[in-house]
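Undergrad: Dropping in work_36.cif, with mmCIF, C-alpha atoms.
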```cif
data_protein
loop_
_atom_site.label_atom_id
_atom_site.label_comp_id
_atom_site.auth_asym_id
_atom_site.auth_seq_id
_atom_site.Cartn_x
_atom_site.Cartn_y
_atom_site.Cartn_z
CA MET V 1 -15.36 18.35 64.28
CA LYS V 2 -13.74 19.55 67.52
CA TRP V 3 -10.34 18.48 68.77
CA ARG V 4 -8.83 19.30 72.12
CA LEU V 5 -5.96 21.80 72.25
CA ILE V 6 -3.80 21.70 75.36
CA PRO V 7 -2.18 25.02 76.36
CA LEU V 8 1.60 25.24 75.94
CA ILE V 9 3.57 23.31 78.54
CA GLU V 10 7.22 24.11 79.32
CA ASP V 11 8.86 21.28 81.20
CA SER V 12 11.62 18.67 81.22
CA GLY V 13 11.96 16.07 78.47
CA ALA V 14 11.01 13.21 80.78
CA LYS V 15 7.80 15.01 81.79
CA GLN V 16 6.92 15.86 78.18
CA MET V 17 7.40 12.26 77.05
CA ALA V 18 5.29 11.08 79.99
CA ILE V 19 2.50 13.50 79.08
CA ASP V 20 2.52 12.39 75.44
CA GLU V 21 2.21 8.75 76.44
CA ALA V 22 -0.50 9.56 79.01
CA ILE V 23 -2.58 11.34 76.36
CA LEU V 24 -2.14 8.36 74.02
CA THR V 25 -3.35 5.97 76.72
CA ALA V 26 -6.30 8.22 77.60
CA ARG V 27 -7.25 8.41 73.91
CA VAL V 28 -7.01 4.61 73.52
CA LYS V 29 -9.33 4.25 76.52
CA HIS V 30 -11.77 6.77 74.95
CA LEU V 31 -11.32 9.07 77.96
CA VAL V 32 -10.39 12.04 75.79
CA GLY V 33 -10.93 13.13 72.20
CA ASN V 34 -8.39 13.82 69.48
CA THR V 35 -5.74 16.08 70.93
CA VAL V 36 -3.04 18.47 69.80
CA ARG V 37 -0.53 20.13 72.05
CA PHE V 38 2.67 22.14 71.78
CA TYR V 39 5.55 22.21 74.22
CA THR V 40 9.02 23.52 74.94
CA TRP V 41 11.93 21.91 76.78
CA LYS V 42 13.36 23.12 80.06
CA PRO V 43 16.15 22.24 80.49
CA ALA V 44 17.36 21.50 76.96
CA CYS V 45 17.26 17.79 76.25
CA VAL V 46 18.61 15.11 73.95
CA THR V 47 16.01 12.50 73.09
CA ILE V 48 16.92 9.21 71.49
CA GLY V 49 14.63 7.04 69.43
CA TYR V 50 13.06 3.96 71.01
CA PHE V 51 15.42 1.65 69.07
CA GLN V 52 18.64 3.58 69.55
CA SER V 53 21.52 2.63 71.78
CA LEU V 54 22.11 5.25 74.46
CA LYS V 55 25.85 4.54 74.68
CA MET V 56 26.33 4.59 70.92
CA GLU V 57 24.41 7.80 70.32
CA VAL V 58 24.90 10.18 73.24
CA ASP V 59 27.83 11.52 75.22
CA VAL V 60 25.97 11.19 78.52
CA GLU V 61 28.78 12.65 80.61
CA LYS V 62 28.98 15.73 78.42
CA ALA V 63 25.21 16.20 78.66
CA GLU V 64 25.38 15.92 82.45
CA GLU V 65 28.24 18.40 82.59
CA LEU V 66 26.18 20.90 80.54
CA GLY V 67 22.97 20.33 82.51
CA ILE V 68 21.21 18.82 79.51
CA ASP V 69 18.72 15.99 80.04
CA VAL V 70 18.83 12.73 78.12
CA VAL V 71 15.59 10.84 77.58
CA ARG V 72 14.50 7.82 75.53
CA ARG V 73 11.36 8.41 73.50
CA TYR V 74 8.43 6.08 73.13
CA THR V 75 8.74 6.61 69.38
CA GLY V 76 11.42 5.41 66.97
CA GLY V 77 13.63 7.62 64.84
CA GLY V 78 16.91 9.36 65.55
CA ALA V 79 18.56 11.31 68.33
CA VAL V 80 17.42 14.94 68.56
CA PHE V 81 18.79 17.85 70.53
CA HIS V 82 15.83 19.91 71.74
CA ASP V 83 16.76 23.42 72.70
CA LYS V 84 15.38 26.43 70.89
CA GLU V 85 12.34 24.79 69.40
CA LEU V 86 8.64 24.25 69.65
CA THR V 87 7.49 20.65 69.66
CA TYR V 88 4.09 19.55 68.44
CA SER V 89 2.29 16.41 69.50
CA VAL V 90 -0.89 15.02 68.02
CA VAL V 91 -2.94 12.06 69.22
CA ILE V 92 -5.68 11.02 66.81
CA GLU V 93 -7.48 8.00 65.40
CA ASP V 94 -5.75 6.24 62.51
CA GLU V 95 -8.98 6.57 60.54
CA ILE V 96 -8.25 10.29 60.41
CA ALA V 97 -4.47 10.15 60.15
CA GLY V 98 -4.42 7.22 57.71
CA SER V 99 -4.09 3.56 58.51
CA GLU V 100 -0.97 3.24 56.35
CA ILE V 101 2.02 4.52 58.31
CA LEU V 102 3.69 6.54 55.56
CA GLU V 103 0.33 7.99 54.53
CA SER V 104 -0.32 9.12 58.11
CA TYR V 105 3.11 10.79 58.35
CA ARG V 106 2.28 12.64 55.17
CA LYS V 107 -1.17 13.66 56.40
CA ILE V 108 0.00 14.98 59.78
CA CYS V 109 3.10 16.60 58.31
CA SER V 110 0.92 18.35 55.75
CA ALA V 111 -0.70 20.21 58.67
CA ILE V 112 2.79 21.31 59.73
CA VAL V 113 3.70 22.28 56.16
CA ASN V 114 0.50 24.33 55.96
CA GLY V 115 1.34 25.99 59.26
CA ILE V 116 4.84 26.84 58.06
CA GLN V 117 3.39 28.35 54.90
CA LYS V 118 1.24 30.66 57.05
CA LEU V 119 4.55 32.25 58.07
CA GLY V 120 5.44 32.88 54.44
CA ILE V 121 7.93 30.04 54.21
CA ARG V 122 7.63 27.40 51.48
CA ALA V 123 8.12 23.99 53.00
CA GLU V 124 7.68 20.42 51.76
CA MET V 125 7.96 16.89 53.04
CA ALA V 126 11.16 14.95 52.43
CA GLY V 127 11.99 11.32 53.06
CA ILE V 128 9.87 9.44 55.57
CA ASN V 129 9.42 11.94 58.37
CA ASP V 130 11.13 15.25 57.61
CA ILE V 131 9.97 18.66 56.48
CA VAL V 132 12.42 20.79 54.53
CA VAL V 133 12.76 24.35 53.30
CA ASN V 134 14.94 24.58 50.19
CA ASN V 135 16.17 21.04 50.93
CA ARG V 136 17.20 21.94 54.48
CA LYS V 137 15.46 20.26 57.40
CA ILE V 138 13.29 22.45 59.61
CA SER V 139 11.17 19.76 61.25
CA GLY V 140 11.43 16.04 62.02
CA SER V 141 8.68 13.77 63.33
CA ALA V 142 8.21 10.36 64.87
CA GLN V 143 5.10 8.34 65.56
CA THR V 144 3.87 5.32 67.43
CA ARG V 145 0.52 3.57 67.36
CA ARG V 146 -1.61 1.79 69.91
CA GLN V 147 -4.94 0.13 69.17
CA GLY V 148 -5.97 2.34 66.29
CA ILE V 149 -4.60 5.56 67.81
CA VAL V 150 -1.61 7.44 66.40
CA LEU V 151 0.75 9.54 68.49
CA GLN V 152 3.00 11.70 66.38
CA HIS V 153 5.34 14.31 67.77
CA GLY V 154 7.92 16.44 66.06
CA THR V 155 10.32 19.32 66.25
CA LEU V 156 9.91 22.82 64.85
CA LEU V 157 13.32 24.42 64.94
CA LEU V 158 13.39 28.06 66.00
CA ASP V 159 17.18 28.13 66.08
CA VAL V 160 19.97 25.58 65.69
CA ASN V 161 23.35 25.17 67.30
CA PRO V 162 25.22 22.39 65.47
CA GLU V 163 28.38 22.85 67.58
CA LEU V 164 26.48 22.18 70.79
CA MET V 165 24.43 19.41 69.18
CA PHE V 166 27.50 17.50 67.98
CA SER V 167 29.25 17.94 71.31
CA LEU V 168 26.40 15.87 72.77
CA LEU V 169 25.93 13.28 70.04
CA LYS V 170 28.52 10.58 69.49
CA VAL V 171 30.24 10.75 66.15
CA PRO V 172 32.13 7.86 64.49
CA THR V 173 35.52 9.58 64.88
CA GLU V 174 36.65 12.91 66.30
CA LYS V 175 38.21 13.67 62.92
CA ILE V 176 34.83 14.01 61.26
CA ARG V 177 33.15 16.08 63.99
CA ASP V 178 33.95 19.35 62.19
CA LYS V 179 32.73 17.88 58.92
CA LEU V 180 29.45 16.87 60.53
CA ILE V 181 29.01 20.32 62.05
CA SER V 182 29.55 22.03 58.70
CA SER V 183 27.33 19.52 56.91
CA ALA V 184 24.60 20.02 59.54
CA LYS V 185 24.83 23.76 58.89
CA GLN V 186 24.19 22.98 55.21
CA ARG V 187 21.40 20.47 55.83
CA VAL V 188 19.47 22.07 58.70
CA THR V 189 17.67 25.39 58.87
CA SER V 190 15.43 27.16 61.36
CA PHE V 191 12.50 29.56 61.43
CA ASN V 192 14.68 32.41 62.64
CA SER V 193 17.18 31.83 59.89
CA GLU V 194 14.53 31.53 57.16
CA LEU V 195 12.66 34.64 58.31
CA GLY V 196 15.76 36.69 59.15
CA ARG V 197 14.14 37.70 62.45
CA GLN V 198 13.32 36.23 65.85
CA LEU V 199 10.04 34.32 65.72
CA SER V 200 8.40 33.81 69.10
CA VAL V 201 7.21 30.43 70.36
CA GLU V 202 3.67 31.84 70.43
CA GLN V 203 3.78 33.10 66.83
CA LEU V 204 4.98 29.69 65.69
CA ARG V 205 2.35 27.90 67.78
CA LEU V 206 -0.46 30.02 66.36
CA ALA V 207 0.68 29.35 62.79
CA MET V 208 0.72 25.60 63.47
CA ILE V 209 -2.76 25.73 65.00
CA LYS V 210 -4.00 27.31 61.75
CA GLY V 211 -2.23 24.56 59.79
CA PHE V 212 -4.00 21.81 61.77
CA LYS V 213 -7.40 23.52 61.50
CA GLN V 214 -7.11 23.92 57.74
CA THR V 215 -5.67 20.49 56.98
CA PHE V 216 -8.06 18.46 59.11
CA ASN V 217 -11.03 20.83 58.74
CA ILE V 218 -11.49 21.05 62.51
CA GLU V 219 -12.03 23.49 65.33
CA PHE V 220 -10.15 23.40 68.62
CA GLU V 221 -11.49 23.46 72.12
CA VAL V 222 -8.84 24.61 74.59
CA SER V 223 -8.73 22.31 77.57
CA THR V 224 -6.15 21.16 80.09
CA LEU V 225 -5.00 17.62 80.80
CA THR V 226 -7.55 15.47 82.62
CA GLU V 227 -6.90 14.17 86.14
CA PHE V 228 -6.39 10.69 84.64
CA GLU V 229 -3.73 12.06 82.27
CA LYS V 230 -1.99 14.06 85.00
CA LYS V 231 -1.86 11.08 87.32
CA LEU V 232 -0.67 8.70 84.62
CA ALA V 233 1.91 11.21 83.38
CA ALA V 234 3.29 11.57 86.92
CA GLU V 235 3.54 7.80 87.21
CA LEU V 236 5.18 7.40 83.78
CA TYR V 237 7.60 10.19 84.61
CA LYS V 238 8.64 8.52 87.84
CA LYS V 239 8.71 4.89 86.75
CA LYS V 240 9.71 5.20 83.11
CA TYR V 241 11.04 8.37 81.54
CA SER V 242 13.20 9.59 84.43
CA ASN V 243 14.39 6.07 85.14
CA THR V 244 17.85 5.07 83.92
CA LYS V 245 16.58 1.57 83.18
CA TRP V 246 14.32 2.97 80.47
CA THR V 247 16.88 5.47 79.18
CA GLY V 248 19.52 2.75 78.94
CA LEU V 249 17.10 0.11 77.60
CA ARG V 250 19.28 -0.44 74.53
CA MET D 1 39.24 -20.77 76.40
CA ASP D 2 36.65 -18.11 75.71
CA ARG D 3 35.63 -18.30 72.08
CA THR D 4 33.11 -15.49 72.25
CA LYS D 5 33.57 -12.94 69.53
CA ILE D 6 31.73 -9.62 69.36
CA LYS D 7 31.25 -8.01 65.96
CA GLN D 8 29.65 -4.69 65.28
CA ILE D 9 28.61 -3.05 62.04
CA ASP D 10 26.71 0.01 60.85
CA TYR D 11 24.68 -0.41 57.70
CA LYS D 12 23.14 2.68 56.14
CA VAL D 13 20.14 1.66 54.11
CA PRO D 14 20.22 3.51 50.77
CA GLY D 15 17.43 6.10 51.02
CA GLY D 16 16.53 4.75 54.43
CA LYS D 17 17.71 4.63 58.02
CA LEU D 18 20.81 3.39 59.84
CA LEU D 19 21.00 -0.17 61.16
CA ARG D 20 23.59 -0.61 63.91
CA ILE D 21 24.08 -4.28 64.66
CA LYS D 22 26.06 -5.84 67.47
CA ALA D 23 26.45 -9.59 67.27
CA GLU D 24 27.90 -12.18 69.59
CA PHE D 25 29.37 -15.34 68.08
CA LYS D 26 30.26 -18.41 70.10
CA ALA D 27 32.29 -21.03 68.25
CA ASN D 28 31.38 -19.22 65.03
CA LYS D 29 27.68 -19.48 65.78
CA LEU D 30 25.58 -16.34 66.08
CA THR D 31 24.17 -16.41 69.60
CA LYS D 32 23.04 -12.86 70.35
CA LEU D 33 22.04 -9.90 68.28
CA ASP D 34 21.21 -6.31 69.19
CA ILE D 35 19.75 -4.20 66.43
CA THR D 36 19.65 -0.49 67.15
CA GLY D 37 19.23 2.59 64.99
CA ASP D 38 17.01 5.45 63.90
CA PHE D 39 14.45 3.28 62.12
CA PHE D 40 10.81 2.52 62.98
CA VAL D 41 9.13 -0.82 63.65
CA TYR D 42 5.36 -1.07 64.25
CA PRO D 43 4.54 -2.42 66.72
CA GLU D 44 7.85 -1.65 68.44
CA GLU D 45 7.96 -4.85 70.50
CA ALA D 46 8.31 -6.86 67.28
CA LEU D 47 12.00 -6.01 67.09
CA PHE D 48 12.72 -8.39 69.98
CA GLU D 49 11.08 -11.22 68.01
CA ILE D 50 12.99 -10.25 64.86
CA GLU D 51 16.26 -10.43 66.82
CA LYS D 52 15.20 -13.83 68.14
CA ILE D 53 14.41 -15.18 64.68
CA LEU D 54 17.77 -13.96 63.37
CA THR D 55 19.64 -15.98 65.97
CA SER D 56 17.43 -19.08 65.73
CA TYR D 57 17.69 -20.10 62.07
CA HIS D 58 20.31 -20.70 59.41
CA ILE D 59 20.92 -17.64 57.26
CA SER D 60 19.40 -19.41 54.25
CA GLU D 61 16.07 -19.70 56.06
CA LEU D 62 15.92 -16.19 57.46
CA SER D 63 14.24 -14.39 54.57
CA ALA D 64 11.25 -16.78 54.55
CA LYS D 65 11.00 -16.89 58.37
CA LEU D 66 11.15 -13.12 58.76
CA ASN D 67 8.73 -12.36 55.95
CA SER D 68 6.21 -14.85 57.26
CA TYR D 69 6.51 -13.41 60.81
CA LEU D 70 6.00 -9.85 59.54
CA LEU D 71 3.00 -10.87 57.46
CA GLU D 72 1.37 -12.96 60.17
CA HIS D 73 1.75 -10.30 62.87
CA GLU D 74 1.18 -7.30 60.56
CA VAL D 75 4.54 -5.83 61.49
CA LYS D 76 5.69 -2.83 59.45
CA LEU D 77 9.32 -1.86 59.01
CA ILE D 78 9.99 1.77 58.10
CA GLY D 79 13.43 2.85 56.93
CA PHE D 80 14.71 -0.68 56.20
CA SER D 81 13.50 -3.98 54.78
CA VAL D 82 14.13 -7.67 55.48
CA ASP D 83 16.59 -7.64 52.56
CA ASP D 84 18.52 -4.75 54.14
CA LEU D 85 18.66 -6.60 57.42
CA LEU D 86 20.00 -9.72 55.72
CA LYS D 87 22.56 -7.70 53.75
CA ALA D 88 23.79 -6.20 57.01
CA LEU D 89 23.88 -9.63 58.63
CA LYS D 90 25.90 -11.11 55.76
CA LYS D 91 28.44 -8.33 56.27
CA LEU D 92 28.80 -9.46 59.86
CA TYR D 93 29.73 -12.97 58.72
CA HIS D 94 32.52 -11.68 56.49
#
```
What is this file in C-alpha cells?

TA:
Amino acid sequence: MKWRLIPLIEDSGAKQMAIDEAILTARVKHLVGNTVRFYTWKPACVTIGYFQSLKMEVDVEKAEELGIDVVRRYTGGGAVFHDKELTYSVVIEDEIAGSEILESYRKICSAIVNGIQKLGIRAEMAGINDIVVNNRKISGSAQTRRQGIVLQHGTLLLDVNPELMFSLLKVPTEKIRDKLISSAKQRVTSFNSELGRQLSVEQLRLAMIKGFKQTFNIEFEVSTLTEFEKKLAAELYKKKYSNTKWTGLR
Amino acid sequence: MDRTKIKQIDYKVPGGKLLRIKAEFKANKLTKLDITGDFFVYPEEALFEIEKILTSYHISELSAKLNSYLLEHEVKLIGFSVDDLLKALKKLYH
C-alpha cells in the first residue's frame, strides 16, 4: 500500500495547523490518499488544545514580547511549547488506525515508538497519548476525527527549555513556578539529551519514516500538497488559525 | 442587587486529564458553565451540548441525562468520565 509523504515544511504555527486541517478535509473528500508529513515551527509557537482556555493557559503578553506565536489547535489535549522539535502529522482512515480512539492512539504511536527505536532509544507508550523514554516524556500526540478519517499530530522533542516554556504557560501561583520547572526537567526528555549528541531534524524525520513504513507495512510516495489543499490551507490560515476569535474561542 | 456569583474549580482526574470549570450562579441556580482543559471529546462539538445539559437539569438527573446523550450521539470522552464531571460539579456547589 502507498501513502503520500509531504516534504518537510517549516512555517508558522497558524500555517501548520491550517495545512493539517486542509489535508484532513481533502482526505475526507477522497481528494488525496493517506498522508504523513513532518514539520518545524518558525517562529516558535505555543499551541493550546481545542478545549483549553487561552487566558487560563498562556501568558499571551509574554509570548508577544518574545516573538512567540500562540495558536489554538483543532485537536484537544494540553498546551505545548513548540521550539526545537519535529512534529509529525498523519491523516488516515480509521479502518487502518483503529476505530476505537485509544486503540488508534496506540497504533499510530507505535509507529513513532518504532521510529525512535531506529535511533537506538528504547521508548514506550504511557497514559493516553504520550511516549516516554525511561518514564520521561519525549513525544505527545493529539487527534481529531472527521467522517471516518483520523488526523493525529504530535511532537518529537529535539531539545527542551523548561524555563522558557514555563515563562509562557500560566502556572497556578508564582511560588510553584520553580517547582514546575524542576519537575519538568525530571519528567521530560529529548532526543539530544538521550543520545548525548545533536540529532538533526532530517535524521529524526528519516527514522520516523522508517517507523511508519514498518508499523503500517506501507511504502511512501513523495508528493506536495495539492492545489485544493494549498487553497484551503490559505483560507483556514486567514479566517481561522491566525484569527484572534479562534485563538480566544474559550 | 446583582446576585451573580462566579465560581471556578480545577479538578484533576486521577490518571486522567484536568477539568477546569467556571460556573455562573444566579440566585443559587447554575446558569452558565464553561468546561475547559487538556482532555479530548469526540466529536469536539459535543462539549457545548454537555455544558448545556449540565445547566438544564437538576444535579440528581445529570448522570442519566449525560449518559443517554453520550450513548445516543456516540460521543467519546477521553481523560475524564461523566462521574468525574459530576464530582467536579458537586465541588462547585460546596

Undergrad: Run the PyMOL selection byres ((chain V) within 12 of (chain D)) mentally over the shown coordinates, then write out the matched residues as a PyMOL selection string, using the chain letters and numbers from the document.

TA: chain V and resi 47-57+73-80+99-102+105+126-129+141-148+150+172+249-250

Undergrad: Once the PyMOL selection byres ((chain V and resi 110) around 10) has been evaluated on this model, what residues remain selected, and can you format them as a PyMOL selection string?

TA: chain V and resi 104-109+111-116+123-125+131+211-212+214-216

Undergrad: On this structure, which residues satisfy the PyMOL selection byres ((chain V and resi 82) around 12), written as JSON, numbers by chain?

TA: {"V": [11, 12, 13, 16, 39, 40, 41, 42, 43, 44, 45, 46, 47, 48, 68, 69, 70, 71, 79, 80, 81, 83, 84, 85, 86, 87, 139, 140, 154, 155, 156, 157, 158, 159, 160, 161, 162, 164, 165, 168]}

Undergrad: At what distance in Å, to one decimal, does CA of Glu24 in chain D lie from CA of Ile50 in chain D?

TA: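 Answer for the CA of Ile50 in chain D to CA of Glu24 in chain D separation: 15.8 Å.
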
Undergrad: Within 8 Å of Thr55 in chain D, counting only C-alpha atoms, which residues show up once you throw out same-chain ones fewer than 6 positions away? Write them as a ChimeraX atom specification, please.

TA: /D:30-33

Undergrad: So, with only C-alpha atoms as the atoms that count, which of V:Glu235, V:Glu21, V:Glu194, V:Glu229 lies closest to Arg122 in chain V?

TA: V:Glu194

Undergrad: Measure the distance from CA of Phe228 in chain V to CA of Ala22 in chain V in Å and round it to one decimal.

TA: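 Value for the CA of Phe228 in chain V-CA of Ala22 in chain V distance: 8.2 Å.
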
Undergrad: If you measure from CA of Leu24 in chain V to CA of Ile149 in chain V, what distance in Å do you get, rounded to one decimal?

TA: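 One can read the CA of Leu24 in chain V to CA of Ile149 in chain V distance as 7.2 Å.
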
Undergrad: Which residues are close to Ser89 in chain V, i.e. within 8 Å by only C-alpha atoms, leaving aside same-chain residues fewer than 4 positions away? Reply as a PyMOL selection string.

TA: chain V and resi 20+36-38+151-154

Undergrad: Of the candidates V:Thr35, V:Ser242, V:Thr189, V:Thr25, which shows the shortest atom-to-atom distance to Ile6 in chain V, using all atoms listed in the file?

TA: V:Thr35

Undergrad: Would you mind telling me which residue in V:Phe220, V:Val90, V:Leu206, V:Arg4 lies nearest to Val32 in chain V when using only C-alpha atoms?

TA: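 For Val32 in chain V, the nearest of the candidates is V:Arg4.
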